[in-house]
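Quick notes on the structure that follows.
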Amino acid sequence: MSEHDTSERGPAARVKALEQLLVEKGLVDPARLDAIVDTYESKVGPRNGARVVARAWADAAFRKRLLADAVAACAELGIAGPEGGHLVAIENTPRIHNLVVCTLCSCYPWPVLGLPPVWYKSFAYRSRAVSDPRGVLREFGVELADDVEIRVWDSSAEQRYIVLPERPVGTEKMNEEQLAELVSRDSMIGVAKVTAPGKSR
Amino acid sequence: MSELGLSDLARLLGCDEASVFSAPWEARAFAIALGLSQAGLFTWDEFRERLIEEVGASDRIRERDGTNRQGEYYEHFLRALEAVVTGRGIATRSELVAKIAELQGPAAPDGHVH
């Protein structure tokens, strides 16, 4: 190992050393780091996005506001935070299916979906979502009719996306809370559809 | 190339997705990066630019020879974090290397510690 190279050490050792050094310099507080980890491991996650989708399905006026200004609409539900600016909601219809990717790194709307899953950050997904979206969707188990247009949205520092999936048939009598239960993280990235309970896709 | 992509994605989809981090060090690296940016030591956009460079460098190697030499996402993330921390003068490379040695003892002869 060269004197100025950390890269040949295992990442766990490097992170531990970095944290300790920063603590000694008074720049980070371990308790604050614990709080950040806890927030993103267990508090901020796709249940927030599911509440937004369920509200949009149940309340047409909210749906309109969400599609016009997703940041403001999410704030109505108390949902905001880092990487939550520049959020845009895009709506699936019987003719249009939306798929979200970040080809350059891992941009993702944290306040509504939490941190991205492993596959979202993978080379395979980032490189193929744009070039072969239909193939990617097939791997996720989503078969779309040939006449359904797939729109791929590449996230960036300036723009993040949440997909508003189609409300499944047979959920007319469900309340917002029950609807939110149906909404998966993957459906809000656009790699899954939402299905009514008791129905397989 | 696309064969590799296919099997890669299939493997990743099979992973347990219950946790957003696959090892404690990933969570810690994320928290350090967000904590430092929230403390105003650099902006998240500045960090992202560096992350994009690291991810891009790794992608180019994969496109060229199909190898995964630069590791997975959080390894790029950690390299970007170290680069911003040292680039901003928050800590120096030699301080980092010295701290690793202090915590772990000297490197094994092959330079690898896992």
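In the structure tokens, chains take letters A, B, ... by order of appearance, with residues numbered from 1 within each chain and ligands from 1 in the order shown.
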
### Task
Pull out every residue of chain A that has at least one atom within 7 Å of chain B, counting only C-alpha atoms, and report them as a ChimeraX atom specification.
/A:1,3-6,8-10,12-15,17-18,21,28,33,36-37,41,104-105,115,117-119,121,123-125

### Task
Mind checking which residues fall within 8 Å of Ser155 in chain A, counting only C-alpha atoms, ignoring those fewer than 6 positions away in the same chain, and posting them as a list in words?
Val100, Val101, Cys102, Thr103, Cys107, Tyr108 and Tyr161 of chain A

Which residues are near Ala180 in chain A? Cut-off 8 Å, only C-alpha atoms, ignore same chain within fewer than 4 positions. Put them as an mmCIF file with N, CA, C and O atoms, in the first residue's frame.
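Result saved to part-v7.cif:
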```cif
data_model
loop_
_atom_site.group_PDB
_atom_site.id
_atom_site.type_symbol
_atom_site.label_atom_id
_atom_site.label_comp_id
_atom_site.auth_asym_id
_atom_site.auth_seq_id
_atom_site.Cartn_x
_atom_site.Cartn_y
_atom_site.Cartn_z
ATOM 1 N N ARG A 47 -43.309 3.927 2.127
ATOM 2 C CA ARG A 47 -44.672 4.074 2.674
ATOM 3 C C ARG A 47 -45.141 5.517 2.504
ATOM 4 O O ARG A 47 -46.331 5.792 2.366
ATOM 5 N N ALA A 50 -46.405 5.779 -0.953
ATOM 6 C CA ALA A 50 -47.668 5.043 -1.069
ATOM 7 C C ALA A 50 -48.832 5.887 -0.549
ATOM 8 O O ALA A 50 -49.937 5.856 -1.110
ATOM 9 N N ARG A 51 -48.592 6.667 0.501
ATOM 10 C CA ARG A 51 -49.648 7.566 1.018
ATOM 11 C C ARG A 51 -50.006 8.612 -0.021
ATOM 12 O O ARG A 51 -51.162 8.983 -0.189
ATOM 13 N N VAL A 53 -49.669 8.342 -3.326
ATOM 14 C CA VAL A 53 -50.396 7.696 -4.426
ATOM 15 C C VAL A 53 -51.847 7.417 -4.021
ATOM 16 O O VAL A 53 -52.786 7.694 -4.774
ATOM 17 N N ALA A 54 -52.031 6.888 -2.810
ATOM 18 C CA ALA A 54 -53.385 6.559 -2.350
ATOM 19 C C ALA A 54 -54.254 7.815 -2.272
ATOM 20 O O ALA A 54 -55.428 7.804 -2.673
ATOM 21 N N GLU A 176 -58.408 5.117 1.772
ATOM 22 C CA GLU A 176 -57.046 5.540 1.446
ATOM 23 C C GLU A 176 -55.976 4.658 2.088
ATOM 24 O O GLU A 176 -54.968 4.315 1.468
#
```

### Task
To one decimal in Å, tell me the separation between CA of Ala192 in chain A and CA of Asp146 in chain A.
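Separation between CA of Ala192 in chain A and CA of Asp146 in chain A: 16.8 Å.
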
### Task
Considering only C-alpha atoms, return as a VMD selection string whatever protein or nucleic-acid residues lie within 12 Å of Gly49 in chain A, sequence-local ones (same chain, fewer than 3 positions apart) excluded.
chain A and resid 44 to 46 52 to 56 66 70 to 71 73 to 75 77 to 80 84 87 89 109 to 114 161 to 165 179 to 189

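Taking CA of Glu177 in chain A and CA of Glu91 in chain A as the two end points, the separation is 20.4 Å.
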
### Query
as a list in words, which residues of chain A does DSSP assign to strand (DSSP E)?
Leu87, Val88, Ala89, Ile90, Glu91, Ile96, His97, Asn98, Leu99, Val100, Val101, Glu149, Ile150, Arg151, Val152, Trp153, Asp154, Arg160, Tyr161, Ile162, Val163 and Leu164 of chain A

Restrict the selected residues to N, CA, C and O atoms and save them as a compact mmCIF listing (two decimals), in the first residue's frame.
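So the final result, stored in part_12.txt, reads:
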```txt
# COMPACT_ATOMS: atom_id res chain seq x y z
N LEU A 87 -39.18 17.48 -7.26
CA LEU A 87 -39.92 16.23 -7.49
C LEU A 87 -41.04 16.45 -8.51
O LEU A 87 -41.75 17.43 -8.47
N VAL A 88 -41.14 15.49 -9.43
CA VAL A 88 -42.19 15.53 -10.44
C VAL A 88 -42.94 14.20 -10.40
O VAL A 88 -42.31 13.14 -10.34
N ALA A 89 -44.27 14.27 -10.40
CA ALA A 89 -45.08 13.05 -10.46
C ALA A 89 -45.50 12.81 -11.89
O ALA A 89 -45.95 13.74 -12.58
N ILE A 90 -45.35 11.58 -12.36
CA ILE A 90 -45.71 11.24 -13.72
C ILE A 90 -46.72 10.10 -13.69
O ILE A 90 -46.57 9.14 -12.93
N GLU A 91 -47.75 10.25 -14.49
CA GLU A 91 -48.91 9.40 -14.36
C GLU A 91 -48.96 8.28 -15.40
O GLU A 91 -48.84 8.53 -16.60
N ILE A 96 -49.83 4.71 -21.57
CA ILE A 96 -48.46 5.16 -21.28
C ILE A 96 -47.97 4.53 -19.97
O ILE A 96 -48.66 4.60 -18.94
N HIS A 97 -46.78 3.92 -20.06
CA HIS A 97 -46.15 3.40 -18.85
C HIS A 97 -44.84 4.14 -18.62
O HIS A 97 -44.01 4.23 -19.52
N ASN A 98 -44.67 4.66 -17.42
CA ASN A 98 -43.47 5.44 -17.10
C ASN A 98 -42.47 4.60 -16.30
O ASN A 98 -42.86 3.84 -15.41
N LEU A 99 -41.20 4.78 -16.63
CA LEU A 99 -40.13 4.05 -15.97
C LEU A 99 -39.05 5.05 -15.56
O LEU A 99 -38.64 5.89 -16.37
N VAL A 100 -38.59 4.96 -14.30
CA VAL A 100 -37.61 5.94 -13.80
C VAL A 100 -36.25 5.27 -13.60
O VAL A 100 -36.16 4.14 -13.13
N VAL A 101 -35.21 6.00 -13.98
CA VAL A 101 -33.84 5.51 -13.82
C VAL A 101 -32.97 6.72 -13.48
O VAL A 101 -33.41 7.87 -13.64
N GLU A 149 -47.06 2.77 -24.81
CA GLU A 149 -45.82 3.52 -24.96
C GLU A 149 -45.07 3.53 -23.63
O GLU A 149 -45.66 3.79 -22.59
N ILE A 150 -43.77 3.25 -23.69
CA ILE A 150 -42.96 3.31 -22.46
C ILE A 150 -42.16 4.61 -22.49
O ILE A 150 -41.45 4.89 -23.45
N ARG A 151 -42.32 5.40 -21.44
CA ARG A 151 -41.53 6.63 -21.32
C ARG A 151 -40.50 6.43 -20.21
O ARG A 151 -40.88 6.11 -19.08
N VAL A 152 -39.25 6.64 -20.56
CA VAL A 152 -38.17 6.47 -19.59
C VAL A 152 -37.72 7.85 -19.12
O VAL A 152 -37.46 8.73 -19.94
N TRP A 153 -37.66 8.03 -17.81
CA TRP A 153 -37.29 9.33 -17.22
C TRP A 153 -35.95 9.20 -16.54
O TRP A 153 -35.82 8.43 -15.60
N ASP A 154 -34.99 9.96 -17.01
CA ASP A 154 -33.64 9.90 -16.43
C ASP A 154 -33.51 10.98 -15.35
O ASP A 154 -33.54 12.18 -15.64
N ARG A 160 -36.37 14.83 -10.03
CA ARG A 160 -36.61 13.48 -9.50
C ARG A 160 -38.03 13.11 -9.84
O ARG A 160 -38.88 13.97 -9.96
N TYR A 161 -38.30 11.82 -9.90
CA TYR A 161 -39.62 11.39 -10.34
C TYR A 161 -40.25 10.38 -9.39
O TYR A 161 -39.57 9.53 -8.83
N ILE A 162 -41.56 10.47 -9.29
CA ILE A 162 -42.35 9.40 -8.68
C ILE A 162 -43.44 9.04 -9.69
O ILE A 162 -44.09 9.93 -10.25
N VAL A 163 -43.59 7.76 -9.94
CA VAL A 163 -44.63 7.31 -10.86
C VAL A 163 -45.94 7.20 -10.09
O VAL A 163 -45.98 6.64 -8.99
N LEU A 164 -47.00 7.75 -10.67
CA LEU A 164 -48.34 7.56 -10.13
C LEU A 164 -48.95 6.38 -10.90
O LEU A 164 -49.35 6.52 -12.05
```
